[in-house]
$ cat target_24.txt   # compact mmCIF, C-alpha atoms
# COMPACT_ATOMS: atom_id res chain seq x y z
CA MET A 280 -16.76 -10.82 3.71
CA TYR A 281 -19.53 -13.43 3.75
CA LEU A 282 -18.73 -17.01 2.71
CA PRO A 283 -21.12 -18.11 -0.04
CA LYS A 284 -23.49 -21.06 -0.06
CA ALA A 285 -24.85 -22.70 -3.20
CA PHE A 286 -28.48 -23.67 -3.82
CA GLY A 287 -30.26 -25.31 -6.72
CA THR A 288 -33.54 -26.77 -7.91
CA PHE A 289 -33.16 -30.21 -9.53
CA LEU A 290 -35.54 -32.35 -11.60
CA LYS A 291 -35.11 -36.02 -12.50
CA LYS A 292 -36.48 -36.98 -15.90
CA LYS A 293 -35.84 -40.21 -17.81
CA ASN A 294 -32.83 -41.06 -15.61
CA HIS A 295 -31.25 -37.66 -16.23
CA ILE A 296 -30.83 -34.82 -13.72
CA PHE A 297 -31.74 -31.31 -14.84
CA ARG A 298 -30.78 -28.30 -12.71
CA GLN A 299 -33.56 -25.85 -13.35
CA SER A 300 -32.07 -22.96 -11.37
CA ALA A 301 -29.12 -22.18 -9.11
CA TYR A 302 -27.57 -19.31 -7.19
CA LEU A 303 -24.72 -18.50 -4.84
CA GLN A 304 -25.71 -16.74 -1.63
CA TRP A 305 -23.62 -14.28 0.35
CA GLY A 306 -25.20 -13.06 3.57
CA VAL A 307 -28.99 -12.85 3.83
CA SER A 308 -30.12 -10.46 1.10
CA GLU A 309 -32.18 -11.93 -1.75
CA LYS A 310 -31.15 -9.10 -4.06
CA SER A 311 -29.15 -10.03 -7.14
CA ILE A 312 -25.57 -8.75 -7.19
CA GLY A 313 -24.85 -10.26 -10.62
CA SER A 314 -25.22 -13.33 -12.80
CA PHE A 315 -23.31 -15.76 -15.00
CA LEU A 316 -24.39 -17.55 -18.17
CA LEU A 317 -22.53 -20.85 -18.48
CA LEU A 318 -22.83 -23.99 -20.63
CA ASN A 319 -24.61 -26.51 -18.40
CA PRO A 320 -24.63 -27.55 -14.72
CA GLY A 321 -21.55 -29.38 -13.47
CA SER A 322 -21.03 -31.77 -10.58
CA ALA A 323 -22.51 -29.77 -7.67
CA SER A 324 -25.09 -32.02 -6.03
CA HIS A 325 -26.70 -33.26 -2.81
CA ASP A 326 -27.83 -36.64 -1.43
CA ALA A 327 -31.45 -35.57 -1.91
CA VAL A 328 -30.76 -35.09 -5.63
CA ARG A 329 -29.30 -38.57 -6.01
CA ASP A 330 -32.37 -40.04 -4.28
CA LEU A 331 -34.89 -38.45 -6.67
CA GLN A 332 -37.41 -40.64 -8.44
CA ASP A 333 -38.43 -40.00 -12.06
CA GLY A 334 -40.54 -36.86 -12.29
CA GLU A 335 -39.58 -35.59 -8.82
CA SER A 336 -37.83 -32.29 -8.10
CA VAL A 337 -36.06 -30.90 -5.04
CA PHE A 338 -34.55 -27.61 -3.84
CA ALA A 339 -31.34 -28.17 -1.90
CA GLN A 340 -28.11 -26.63 -0.72
CA VAL A 341 -25.27 -28.17 -2.70
CA SER A 342 -21.51 -28.42 -2.45
CA LEU A 343 -19.57 -26.04 -4.66
CA ASP A 344 -18.15 -27.62 -7.82
CA PRO A 345 -14.94 -26.29 -9.45
CA THR A 346 -16.82 -23.84 -11.67
CA MET A 347 -18.74 -22.44 -8.71
CA LYS A 348 -15.49 -21.98 -6.79
CA GLN A 349 -14.06 -20.06 -9.74
CA VAL A 350 -17.21 -17.92 -9.86
CA VAL A 351 -16.69 -17.09 -6.18
CA LYS A 352 -13.17 -15.85 -6.94
CA LEU A 353 -14.48 -13.80 -9.84
CA VAL A 354 -17.20 -12.15 -7.76
CA GLU A 355 -14.73 -11.35 -4.97
CA ALA A 356 -12.42 -9.78 -7.57
CA PHE A 357 -15.27 -7.72 -9.07
CA TYR A 358 -16.37 -6.47 -5.64
CA HIS A 359 -12.95 -6.46 -3.98
CA LEU A 360 -13.63 -3.21 -2.09
CA GLU A 361 -17.18 -4.03 -1.02
CA PRO A 362 -18.78 -6.43 1.47
CA LEU A 363 -20.84 -9.05 -0.35
CA ASN A 364 -24.47 -9.55 0.62
CA GLY A 365 -26.81 -10.95 -2.02
CA ARG A 366 -27.17 -13.56 -4.76
CA ILE A 367 -25.25 -14.47 -7.87
CA HIS A 368 -27.59 -16.27 -10.25
CA LEU A 369 -26.12 -19.09 -12.33
CA TYR A 370 -27.85 -19.54 -15.68
CA ASN A 371 -27.05 -22.20 -18.28
CA LEU A 372 -27.55 -22.60 -22.01
CA PHE A 373 -29.18 -25.92 -21.18
CA THR A 374 -30.06 -27.52 -17.87
CA LEU A 375 -28.85 -31.12 -18.23
CA GLN A 376 -26.38 -31.84 -15.43
CA ASN A 377 -23.17 -33.46 -16.67
CA PRO A 378 -19.57 -32.37 -15.95
CA LYS A 379 -18.47 -33.78 -19.35
CA ASP A 380 -19.20 -31.06 -21.90
CA SER A 381 -19.11 -33.22 -25.00
CA GLU A 382 -21.55 -35.79 -23.61
CA ALA A 383 -23.93 -33.11 -22.38
CA ILE A 384 -23.90 -31.23 -25.68
CA ALA A 385 -24.45 -34.44 -27.68
CA TYR A 386 -27.51 -35.40 -25.65
CA ASN A 387 -28.84 -31.86 -25.80
CA GLU A 388 -28.43 -31.89 -29.60
CA TYR A 389 -30.36 -35.17 -29.67
CA LEU A 390 -33.25 -33.64 -27.70
CA GLY A 391 -33.26 -30.38 -29.64
CA GLY A 392 -32.93 -32.04 -33.05
CA ARG A 393 -36.07 -34.06 -32.41
CA GLY A 394 -38.11 -31.15 -31.08
CA MET A 395 -38.25 -32.68 -27.62
CA VAL A 396 -36.96 -29.38 -26.18
CA LEU A 397 -37.09 -25.84 -27.55
CA PRO A 398 -34.76 -22.85 -26.97
CA SER A 399 -37.58 -21.16 -25.05
CA ASP A 400 -37.57 -24.08 -22.59
CA MET A 401 -34.00 -23.22 -21.59
CA GLN A 402 -34.36 -19.48 -21.00
CA VAL A 403 -35.43 -17.27 -18.14
CA PRO A 404 -37.92 -14.43 -18.64
CA VAL A 405 -36.61 -11.00 -19.57
CA SER A 406 -38.25 -9.68 -16.40
CA GLU A 407 -35.98 -11.93 -14.31
CA LEU A 408 -32.85 -11.01 -16.25
CA LYS A 409 -33.58 -7.33 -15.60
CA LYS A 410 -33.17 -7.91 -11.86
CA ASN A 411 -29.44 -8.58 -12.38
CA PRO A 412 -27.03 -5.62 -12.46
CA TRP A 413 -24.86 -7.50 -15.01
CA ILE A 414 -24.29 -10.86 -16.62
CA CYS A 415 -20.92 -12.50 -17.35
CA ILE A 416 -21.01 -14.89 -20.31
CA GLY A 417 -18.71 -17.91 -20.23
CA TRP A 418 -20.32 -20.84 -21.99
CA GLY A 419 -17.13 -22.13 -23.63
CA VAL A 420 -15.94 -22.19 -27.22
CA ASN A 421 -17.46 -25.49 -28.37
CA ASN A 422 -18.42 -24.62 -31.93
CA LYS A 423 -18.67 -27.74 -34.09
CA SER A 424 -20.75 -27.41 -37.25
CA THR A 425 -22.99 -30.22 -36.00
CA TYR A 426 -23.95 -28.26 -32.87
CA THR A 427 -26.96 -26.61 -34.52
CA PHE A 428 -29.22 -26.58 -31.47
CA LEU A 429 -26.42 -25.18 -29.30
CA LYS A 430 -26.03 -22.30 -31.77
CA GLN A 431 -29.75 -21.61 -31.53
CA LEU A 432 -29.55 -21.51 -27.75
CA LYS A 433 -26.66 -19.04 -27.82
CA SER A 434 -28.49 -16.78 -30.28
CA HIS A 435 -31.73 -16.81 -28.29
CA TRP A 436 -29.91 -16.07 -25.02
CA LEU A 437 -28.08 -13.10 -26.52
CA GLU A 438 -31.41 -11.73 -27.78
CA GLN A 439 -32.90 -12.07 -24.29
CA ILE A 440 -29.92 -10.28 -22.70
CA GLU A 441 -30.23 -7.44 -25.21
CA LEU A 442 -33.96 -7.11 -24.49
CA ALA A 443 -33.20 -7.02 -20.75
CA GLY A 444 -30.79 -4.13 -21.34
CA ILE A 445 -28.28 -5.21 -18.69
CA PRO A 446 -24.50 -4.90 -19.13
CA SER A 447 -22.88 -8.08 -20.40
CA PHE A 448 -19.25 -9.09 -20.80
CA GLY A 449 -16.98 -12.10 -21.22
CA LYS A 450 -13.70 -13.07 -22.82
CA LYS A 451 -14.26 -13.71 -26.54
CA ASN A 452 -12.25 -15.77 -29.00
CA GLN A 453 -11.64 -14.79 -32.63
CA ASN A 454 -14.98 -16.34 -33.65
CA GLY A 455 -16.94 -14.26 -31.17
CA ASP A 456 -17.59 -17.14 -28.77
CA TYR A 457 -17.04 -16.77 -25.03
CA TYR A 458 -14.32 -18.70 -23.20
CA HIS A 459 -15.43 -20.74 -20.23
CA VAL A 460 -14.88 -18.87 -16.94
CA CYS A 461 -13.12 -21.91 -15.43
CA PRO A 462 -10.14 -23.14 -17.49
CA LEU A 463 -8.65 -26.48 -16.54
CA LEU A 464 -5.12 -25.25 -15.73
CA MET A 465 -4.71 -23.41 -12.42
CA THR A 466 -2.47 -20.72 -13.93
CA LYS A 467 -5.10 -20.02 -16.59
CA LYS A 468 -7.79 -19.83 -13.92
CA HIS A 469 -5.84 -17.04 -12.21
CA ALA A 470 -5.32 -15.24 -15.52
CA MET A 471 -9.04 -15.52 -16.33
CA VAL A 472 -9.91 -13.84 -13.03
CA GLU A 473 -7.71 -10.88 -13.91
CA GLU A 474 -9.00 -10.60 -17.48
CA LEU A 475 -12.66 -10.79 -16.47
CA ARG A 476 -12.06 -8.31 -13.64
CA HIS A 477 -10.73 -5.86 -16.25
CA LEU A 478 -13.75 -6.47 -18.52
CA TYR A 479 -16.09 -6.00 -15.56
CA VAL A 480 -14.59 -2.61 -14.79
CA GLN A 481 -14.76 -1.58 -18.46
CA ASN A 482 -18.35 -2.66 -19.04
CA VAL A 483 -20.06 -2.41 -15.66
CA ASN A 484 -18.20 -0.18 -13.23
CA PRO A 485 -15.83 2.22 -15.03
CA GLN A 486 -15.94 4.67 -12.09
CA ASP A 487 -14.13 1.98 -10.07
CA LEU A 488 -10.94 3.20 -11.75
CA SER A 489 -11.45 6.92 -11.16
CA ASP A 490 -12.52 6.62 -7.50
CA ILE A 491 -9.35 4.80 -6.40
CA ILE A 492 -5.99 6.45 -5.86
CA GLU A 493 -3.11 4.03 -6.36
CA PHE A 494 0.38 4.51 -4.87
CA THR A 495 3.74 2.94 -5.52
CA VAL A 496 5.23 1.12 -2.55
CA ALA A 497 7.73 3.99 -2.11
CA ALA A 498 4.87 6.11 -0.73
CA THR A 499 4.62 3.76 2.27
CA ARG A 500 8.11 4.59 3.51
CA PRO A 501 9.00 7.40 5.94
CA ASN A 502 10.08 10.37 3.82
CA LEU A 503 11.61 12.77 6.38
CA TYR A 504 15.05 12.13 7.84
CA LEU A 505 15.25 13.00 11.53
CA GLY A 506 18.87 12.07 12.12
CA PRO A 507 20.30 8.95 13.78
CA PHE A 508 17.97 7.14 16.16
CA THR A 509 19.32 5.53 19.31
CA SER A 510 17.31 2.89 21.13
CA TYR A 511 17.64 2.55 24.88
CA TYR A 512 17.14 -0.81 26.56
CA HIS A 513 16.62 -1.21 30.27
CA GLU A 514 18.86 -3.57 32.16
CA ASN A 515 16.05 -4.76 34.42
CA GLU A 516 13.43 -7.03 32.89
CA GLY A 517 9.74 -6.22 33.03
CA TRP A 518 7.91 -2.96 32.41
CA ALA A 519 9.53 0.48 32.54
CA VAL A 520 8.83 3.93 31.13
CA SER A 521 10.54 4.00 27.73
CA ARG A 522 13.37 6.44 27.16
CA ASP A 523 12.58 6.36 23.43
CA ASN A 524 10.06 8.79 21.95
CA PRO A 525 7.42 7.19 19.69
CA GLU A 526 6.59 10.61 18.23
CA ARG A 527 9.59 10.12 15.94
CA VAL A 528 7.51 7.62 13.96
CA ILE A 529 4.87 10.25 13.20
CA GLU A 530 7.39 13.01 12.57
CA SER A 531 9.16 10.91 9.91
CA PHE A 532 6.09 11.15 7.63
CA SER A 533 5.68 14.42 5.74
CA GLN A 534 1.87 14.66 5.88
CA LEU A 535 1.50 13.82 9.59
CA ARG A 536 2.16 15.66 12.84
CA ILE A 537 1.38 15.38 16.52
CA ARG A 538 -1.96 16.95 17.36
CA LYS A 539 -1.93 20.11 19.49
CA ASN A 540 -2.33 19.44 23.22
CA TYR A 541 -1.43 15.75 22.80
CA LYS A 542 1.73 13.68 22.91
CA LEU A 543 2.80 10.06 22.53
CA ARG A 544 4.72 8.21 25.20
CA ALA A 545 5.52 4.52 25.72
CA TYR A 546 6.17 1.82 28.26
CA GLN A 547 8.85 -0.72 27.35
CA TYR A 548 8.77 -4.40 28.28
CA THR A 549 11.81 -6.69 28.11
CA ALA A 550 12.28 -10.34 29.09
CA GLY A 551 14.91 -12.85 28.00
CA GLY A 552 15.94 -10.83 24.96
CA ASN A 553 12.32 -10.29 23.89
CA GLY A 554 10.67 -6.93 23.92
CA ASN A 555 7.35 -5.17 23.49
CA SER A 556 5.83 -1.84 24.27
CA ALA A 557 2.60 -0.03 25.03
CA VAL A 558 2.25 3.37 23.34
CA TRP A 559 -0.34 5.80 24.64
CA ALA A 560 -1.73 9.16 23.58
CA ILE A 561 -1.80 11.42 26.64
CA PRO A 562 -2.39 15.13 27.35
CA HIS A 563 0.64 17.24 26.50
CA ASP A 564 1.07 18.41 30.11
CA ARG A 565 1.17 14.93 31.64
CA GLU A 566 3.91 12.32 31.95
CA LEU A 567 3.68 8.58 32.28
CA PRO A 568 3.74 7.35 35.88
CA SER A 569 5.75 4.30 36.82
CA PRO A 570 4.18 1.02 35.67
CA GLU A 571 3.49 -0.04 39.26
CA GLU A 572 1.15 2.92 39.71
CA CYS A 573 -0.99 2.03 36.69
CA MET A 574 -4.10 0.01 36.20
CA TYR A 575 -3.67 -2.84 33.76
CA SER A 576 -5.53 -3.32 30.52
CA ASP A 577 -6.43 -6.66 28.91
CA GLU A 578 -6.72 -5.26 25.39
CA HIS A 579 -3.73 -7.32 24.24
CA SER A 580 -2.48 -10.80 25.08
CA LEU A 581 0.25 -9.26 27.23
CA GLU A 582 -1.03 -7.19 30.14
CA HIS A 583 0.40 -3.72 30.00
CA PRO A 584 0.27 -0.57 32.10
CA LYS A 585 -2.24 2.12 31.14
CA PRO A 586 -2.62 5.41 33.01
CA ASP A 587 -6.20 6.41 33.73
CA PHE A 588 -5.67 9.65 31.77
CA ALA A 589 -4.45 7.89 28.59
CA TYR A 590 -6.71 7.80 25.54
CA ASP A 591 -7.88 4.45 24.23
CA HIS A 592 -6.34 4.85 20.76
CA PHE A 593 -2.80 6.19 20.29
CA MET A 594 -3.70 7.56 16.82
CA LYS A 595 -5.89 10.13 18.58
CA ALA A 596 -2.66 12.11 19.09
CA VAL A 597 -1.99 12.22 15.33
CA ASP A 598 -3.00 15.07 13.03
CA GLY A 599 -2.22 15.80 9.39
CA ASP A 600 -3.44 17.39 6.17
CA TYR A 601 -6.07 14.65 5.54
CA SER A 602 -4.85 14.03 2.01
CA PRO A 603 -4.95 10.50 0.53
CA LEU A 604 -1.19 10.21 1.09
CA SER A 605 -1.61 11.18 4.75
CA TYR A 606 -4.05 8.32 5.29
CA LEU A 607 -1.63 5.87 3.71
CA GLN A 608 1.14 7.21 5.96
CA ALA A 609 -1.15 6.96 8.99
CA ALA A 610 -1.90 3.32 8.13
CA ILE A 611 1.81 2.52 8.03
CA ALA A 612 2.49 4.56 11.17
CA TYR A 613 -0.19 2.54 12.98
CA HIS A 614 1.86 -0.64 12.45
CA GLU A 615 5.21 1.02 13.13
CA ILE A 616 3.97 2.37 16.47
CA GLY A 617 2.30 -0.95 17.21
CA GLU A 618 5.75 -2.54 17.03
CA PHE A 619 7.62 0.32 18.69
CA GLY A 620 10.23 -1.16 21.02
CA ALA A 621 9.65 -4.72 19.80
CA LEU A 622 12.53 -7.19 20.14
CA TRP A 623 13.03 -10.75 18.87
CA HIS A 624 9.76 -12.69 19.33
CA GLY A 625 7.94 -9.40 19.66
CA CYS A 626 8.65 -8.61 16.00
CA TYR A 627 6.21 -9.46 13.22
CA TRP A 628 5.29 -6.40 11.16
CA SER A 629 8.93 -5.39 10.68
CA ALA A 630 9.74 -8.84 9.24
CA GLY A 631 7.31 -8.40 6.34
CA ASP A 632 7.34 -6.51 3.04
CA ILE A 633 4.66 -4.28 1.59
CA LEU A 634 3.92 -5.29 -1.99
CA PRO A 635 5.04 -4.98 -4.67
CA ILE A 636 8.58 -5.39 -3.34
CA ASP A 637 10.20 -4.46 -6.66
CA GLU A 638 8.21 -1.93 -8.70
CA ALA A 639 10.24 -2.55 -11.85
CA GLU A 640 9.63 -6.31 -11.75
CA TYR A 641 5.96 -5.75 -11.01
CA ARG A 642 5.53 -3.43 -14.02
CA VAL A 643 6.91 -6.00 -16.47
CA ALA A 644 5.07 -9.01 -14.99
CA ASN A 645 2.35 -10.45 -17.23
CA SER A 646 -0.13 -10.52 -14.35
CA VAL A 647 -0.51 -10.09 -10.60
CA VAL A 648 -0.34 -13.86 -10.20
CA ASP A 649 2.83 -14.14 -12.29
CA TYR A 650 4.51 -11.56 -10.09
CA LEU A 651 3.35 -13.29 -6.89
CA TYR A 652 4.89 -16.56 -8.05
CA THR A 653 8.27 -14.81 -8.22
CA LEU A 654 7.91 -14.34 -4.44
CA GLY A 655 6.90 -17.87 -3.46
CA ASP A 656 5.33 -21.18 -4.41
CA TRP A 657 1.81 -20.25 -3.29
CA ASN A 658 -1.01 -22.65 -2.69
CA GLU A 659 -4.46 -21.81 -4.02
CA PHE A 660 -5.31 -18.12 -3.68
CA LYS A 661 -8.38 -17.27 -1.63
CA THR A 662 -8.92 -14.33 -3.96
CA ILE A 663 -6.85 -12.65 -6.68
CA PRO A 664 -6.03 -8.99 -5.97
CA PRO A 665 -6.73 -6.81 -9.01
CA SER A 666 -3.59 -4.84 -8.14
CA LEU A 667 -0.90 -5.21 -5.49
CA ARG A 668 -0.17 -1.51 -5.12
CA PRO A 669 -1.47 0.34 -2.04
CA VAL A 670 -4.76 2.14 -2.70
CA PHE A 671 -6.90 4.84 -1.10
CA PHE A 672 -10.65 5.30 -1.57
CA TYR A 673 -13.80 6.26 0.30
CA GLU A 674 -16.19 3.55 1.44
CA ASN A 675 -19.45 4.72 3.06
CA GLU A 676 -17.83 8.17 3.28
CA ARG A 677 -14.99 6.78 5.38
CA PRO A 678 -11.37 7.06 4.19
CA THR A 679 -10.01 3.58 3.51
CA VAL A 680 -6.53 2.27 2.73
CA VAL A 681 -5.79 -1.22 1.41
CA PHE A 682 -2.39 -2.79 0.86
CA TYR A 683 -0.85 -6.26 0.59
CA THR A 684 2.11 -7.80 2.39
CA LYS A 685 4.32 -10.87 2.25
CA ASN A 686 5.50 -12.01 5.66
CA ASP A 687 7.79 -14.98 6.34
CA VAL A 688 7.32 -15.32 10.11
CA GLY A 689 6.00 -18.81 10.87
CA MET A 690 4.30 -19.49 7.53
CA VAL A 691 5.03 -17.51 4.36
CA LYS A 692 1.83 -15.52 3.97
CA LEU A 693 0.20 -13.19 1.46
CA SER A 694 -2.06 -10.86 3.45
CA ARG A 695 -4.43 -7.99 2.73
CA TYR A 696 -4.66 -5.13 5.23
CA THR A 697 -7.73 -2.89 5.24
CA HIS A 698 -7.60 0.32 7.29
CA THR A 699 -10.93 2.10 7.76
CA PHE A 700 -10.64 5.56 9.31
CA GLU A 701 -13.07 7.57 11.36
CA LYS A 702 -14.26 10.75 9.67
CA ASP A 703 -11.81 13.66 10.10
CA SER A 704 -9.50 11.52 12.20
CA TYR A 705 -6.61 9.11 11.89
CA VAL A 706 -8.16 6.73 14.40
CA GLN A 707 -8.71 3.55 12.44
CA LYS A 708 -10.06 0.02 12.43
CA VAL A 709 -7.65 -2.52 10.94
CA GLU A 710 -8.49 -5.89 9.41
CA CYS A 711 -5.94 -8.41 8.15
CA GLU A 712 -6.95 -11.29 5.89
CA ASP A 713 -4.56 -14.05 4.79
CA LEU A 714 -5.03 -14.80 1.08
CA ALA A 715 -2.45 -17.52 0.40
CA PHE A 716 0.41 -19.50 1.95
CA ALA A 717 3.74 -20.66 0.55
CA GLY A 718 5.13 -23.13 3.07
CA LEU A 719 7.18 -22.72 6.21
CA GLY A 720 8.88 -19.42 6.83
CA VAL A 721 11.24 -18.12 9.50
CA ILE A 722 11.04 -19.46 13.05
CA PHE A 723 12.71 -17.14 15.57
$ encode --input "target_24.txt" --output "C-alpha cells"
Amino acid sequence: MYLPKAFGTFLKKKNHIFRQSAYLQWGVSEKSIGSFLLLNPGSASHDAVRDLQDGESVFAQVSLDPTMKQVVKLVEAFYHLEPLNGRIHLYNLFTLQNPKDSEAIAYNEYLGGRGMVLPSDMQVPVSELKKNPWICIGWGVNNKSTYTFLKQLKSHWLEQIELAGIPSFGKKNQNGDYYHVCPLLMTKKHAMVEELRHLYVQNVNPQDLSDIIEFTVAATRPNLYLGPFTSYYHENEGWAVSRDNPERVIESFSQLRIRKNYKLRAYQYTAGGNGNSAVWAIPHDRELPSPEECMYSDEHSLEHPKPDFAYDHFMKAVDGDYSPLSYLQAAIAYHEIGEFGALWHGCYWSAGDILPIDEAEYRVANSVVDYLYTLGDWNEFKTIPPSLRPVFFYENERPTVVFYTKNDVGMVKLSRYTHTFEKDSYVQKVECEDLAFAGLGVIF
C-alpha cells in the first residue's frame, strides 16, 4: 500500500491564509479515488505558505494535520482489500485556514454577511465533482441560529453534489447535519472509522459484502484427527534428514491432500536446544539425500540443504478441492509447514493467535476496536480492520485470504496476513503488515 502525501494551493489575503484546493496522493495516478467535504482547512502547512506576501499564492506539499491523518485511515478502511493509487480530494465549505472552528466560522460569517464572499466563491464546478467516485461529508454539527452564511454554504454544496450525481454519505445527527470525520477523542476516532466504513459499503460499494466470504476462527484449525504425533529429535546438532513427516500437516485439513506424484520431506536442524527445518516438495519416487550431499540455498537467513531435484515452493506438492475453505486451510498450512520442526528460538508463528481469539466475546463487542482493547493496550492503529474474522475473496482473479493475528514474541503485535494464490494452485505469496503494538511481549 502506498503512503500518501498531501498537497495544497494557498493564497494570502489581508493577513489570512486561504487554502484554495488540497488532495492526498497515493502512488502516481492523478485519477480521483474519492473525496471529502469538510468544514475548513486545518493546520497543515509549509514554510513557503508562512512566507507568503499579501496577494501571493503557492502550491506546496504539506505535512498531514490530524484531520488528514484520520482521512487516511478512513480511505484505507474503505479500500482495505485494494492497493491505493490515486487522489483523494479535500473540499471545504469555506477556504479560510484556521484549526479553531468557532473563530473560522465567525470570520466567515463576517465576510458572507457583508457580501464580501458568496457561496459560489466557495464551491467547485459540477464537472469537477463528477470526477470523484464518491464524496464523504463531515463538516461538523455547528448549527447556531446566527450561522446564516454557513447554512447557505451547506445548502449550496448539497445542491452541487446532487447535480453531480455522485454517491454521498456521512454520519448524520438528529438535525440532519454531518458529524466531523475526526472527533477529538481517540476512541471516538476509531468508532467513526468503523461507522463510516459501514456507510461507505451501504452507499458506494454494496457488492463488497457479497464478494467476500467470512469464516469464524474455528475454520483455521486442523479438522481431521490423525492420531498421536511423535516428534523425533536427533542427538547430534546440525542438519539431518527429519524422521518426521510434514505431510501430516496437509492431511490434517479436510479440503487438502498431497498432489499425485509429489511428496513432502524435511531436513531438521538443531543447535543448543533451538530447532528449525527446511521442507521441500520432491518427486514421489525420490528421497532426500544427506545434507552434506546437497547444494545450499540462501533463500532464508539460515543456510539450509536443498536437493537439486526439489521444487522451489513446498506448496507445489499440495492439492485440494479449490473451495474457499481449502484456500484458507492452505494459508494456515503454509505457516504450519514453515515452522515444522521449530524449537525454542525457532518458534514464532506457533506463539501467536489468529483473531478473533474468542468468537463469543467478539460477537458482543461494540466494535472491532473495543474487542482489540480487551487483548492489549494498543498504541495508535495504522488502520482499523473492518472485521477481524478470516476472509476469502478474488483480487485480479487470484484467490486471496486475509486474516489477523496477535503475537506476543518480542513486542505484542497486531498483524494482517495477506495470502495471494496462483491460479489453480496453492502456491502463494504472503505479506505480513504490523498494524499496532501493545508494549513488550515474551522474550525467549
$ atom_distance --input "target_24.txt" --atom1 "atom CA of A:Met471" --atom2 "atom CA of A:Ser434"
24.0 Å
$ closest_atom_pairs --input "target_24.txt" --of "stretch 496-569 of chain A" --to "stretch 590-604 of chain A" --cutoff "12 Å" --atoms "only C-alpha atoms" --output "JSON lines"
{"residue": "A:Val496", "atom": "CA", "partner": "A:Leu604", "partner_atom": "CA", "distance": 11.7}
{"residue": "A:Ala497", "atom": "CA", "partner": "A:Leu604", "partner_atom": "CA", "distance": 11.3}
{"residue": "A:Ala498", "atom": "CA", "partner": "A:Leu604", "partner_atom": "CA", "distance": 7.5}
{"residue": "A:Thr499", "atom": "CA", "partner": "A:Leu604", "partner_atom": "CA", "distance": 8.8}
{"residue": "A:Arg500", "atom": "CA", "partner": "A:Leu604", "partner_atom": "CA", "distance": 11.1}
{"residue": "A:Pro501", "atom": "CA", "partner": "A:Leu604", "partner_atom": "CA", "distance": 11.6}
{"residue": "A:Asn502", "atom": "CA", "partner": "A:Leu604", "partner_atom": "CA", "distance": 11.6}
{"residue": "A:Pro525", "atom": "CA", "partner": "A:Phe593", "partner_atom": "CA", "distance": 10.3}
{"residue": "A:Glu526", "atom": "CA", "partner": "A:Val597", "partner_atom": "CA", "distance": 9.2}
{"residue": "A:Arg527", "atom": "CA", "partner": "A:Val597", "partner_atom": "CA", "distance": 11.8}
{"residue": "A:Val528", "atom": "CA", "partner": "A:Val597", "partner_atom": "CA", "distance": 10.6}
{"residue": "A:Ile529", "atom": "CA", "partner": "A:Val597", "partner_atom": "CA", "distance": 7.4}
{"residue": "A:Glu530", "atom": "CA", "partner": "A:Val597", "partner_atom": "CA", "distance": 9.8}
{"residue": "A:Phe532", "atom": "CA", "partner": "A:Gly599", "partner_atom": "CA", "distance": 9.7}
{"residue": "A:Ser533", "atom": "CA", "partner": "A:Gly599", "partner_atom": "CA", "distance": 8.8}
{"residue": "A:Gln534", "atom": "CA", "partner": "A:Gly599", "partner_atom": "CA", "distance": 5.5}
{"residue": "A:Leu535", "atom": "CA", "partner": "A:Gly599", "partner_atom": "CA", "distance": 4.2}
{"residue": "A:Arg536", "atom": "CA", "partner": "A:Asp598", "partner_atom": "CA", "distance": 5.2}
{"residue": "A:Ile537", "atom": "CA", "partner": "A:Val597", "partner_atom": "CA", "distance": 4.8}
{"residue": "A:Arg538", "atom": "CA", "partner": "A:Asp598", "partner_atom": "CA", "distance": 4.8}
{"residue": "A:Lys539", "atom": "CA", "partner": "A:Ala596", "partner_atom": "CA", "distance": 8.0}
{"residue": "A:Asn540", "atom": "CA", "partner": "A:Ala596", "partner_atom": "CA", "distance": 8.4}
{"residue": "A:Tyr541", "atom": "CA", "partner": "A:Ala596", "partner_atom": "CA", "distance": 5.3}
{"residue": "A:Lys542", "atom": "CA", "partner": "A:Ala596", "partner_atom": "CA", "distance": 6.0}
{"residue": "A:Leu543", "atom": "CA", "partner": "A:Ala596", "partner_atom": "CA", "distance": 6.8}
{"residue": "A:Arg544", "atom": "CA", "partner": "A:Phe593", "partner_atom": "CA", "distance": 9.2}
{"residue": "A:Ala545", "atom": "CA", "partner": "A:Phe593", "partner_atom": "CA", "distance": 10.1}
{"residue": "A:Ala557", "atom": "CA", "partner": "A:Phe593", "partner_atom": "CA", "distance": 9.5}
{"residue": "A:Val558", "atom": "CA", "partner": "A:Phe593", "partner_atom": "CA", "distance": 6.5}
{"residue": "A:Trp559", "atom": "CA", "partner": "A:Phe593", "partner_atom": "CA", "distance": 5.0}
{"residue": "A:Ala560", "atom": "CA", "partner": "A:Phe593", "partner_atom": "CA", "distance": 4.6}
{"residue": "A:Ile561", "atom": "CA", "partner": "A:Tyr590", "partner_atom": "CA", "distance": 6.2}
{"residue": "A:Pro562", "atom": "CA", "partner": "A:Tyr590", "partner_atom": "CA", "distance": 8.7}
{"residue": "A:His563", "atom": "CA", "partner": "A:Ala596", "partner_atom": "CA", "distance": 9.6}
$ closest_residue --input "target_24.txt" --among "A:Trp518, A:Tyr613, A:Tyr504, A:Tyr358" --to "A:Val483" --atoms "all atoms listed in the file"
A:Tyr358
$ closest_residue --input "target_24.txt" --among "A:Phe448, A:Tyr479, A:Phe682, A:Phe373" --to "A:Ile492" --atoms "only C-alpha atoms"
A:Phe682
$ closest_residue --input "target_24.txt" --among "A:Glu674, A:Glu361, A:Asp326, A:Asp687" --to "A:Lys702" --atoms "all atoms listed in the file"
A:Glu674
$ closest_residue --input "target_24.txt" --among "A:Thr374, A:Ser308, A:Gln547, A:Gln299" --to "A:Ala339" --atoms "all atoms listed in the file"
A:Gln299
$ residues_near_point --input "target_24.txt" --point "(-27.9, -19.4, -11.3)" --cutoff "8 Å" --atoms "only C-alpha atoms" --output "number ranges by chain"
A: 287, 300-303, 314-316, 367-371
$ closest_residue --input "target_24.txt" --among "A:Phe289, A:Arg565, A:Trp305, A:Val351" --to "A:Ser324" --atoms "only C-alpha atoms"
A:Phe289
$ decode --input "target_24.txt" --residues "stretch 524-532 of chain A" --atoms "C-alpha atoms" --output "JSON list (two decimals), in the first residue's frame"
[["chain", "number", "residue", "atom", "x", "y", "z"],
["A", 524, "ASN", "CA", 6.69, -36.44, 8.00],
["A", 525, "PRO", "CA", 5.47, -32.91, 7.15],
["A", 526, "GLU", "CA", 2.66, -34.40, 5.05],
["A", 527, "ARG", "CA", 0.74, -34.83, 8.31],
["A", 528, "VAL", "CA", 0.16, -31.07, 8.32],
["A", 529, "ILE", "CA", -1.62, -31.22, 4.96],
["A", 530, "GLU", "CA", -3.50, -34.41, 5.78],
["A", 531, "SER", "CA", -4.99, -32.84, 8.93],
["A", 532, "PHE", "CA", -7.04, -30.41, 6.79]]
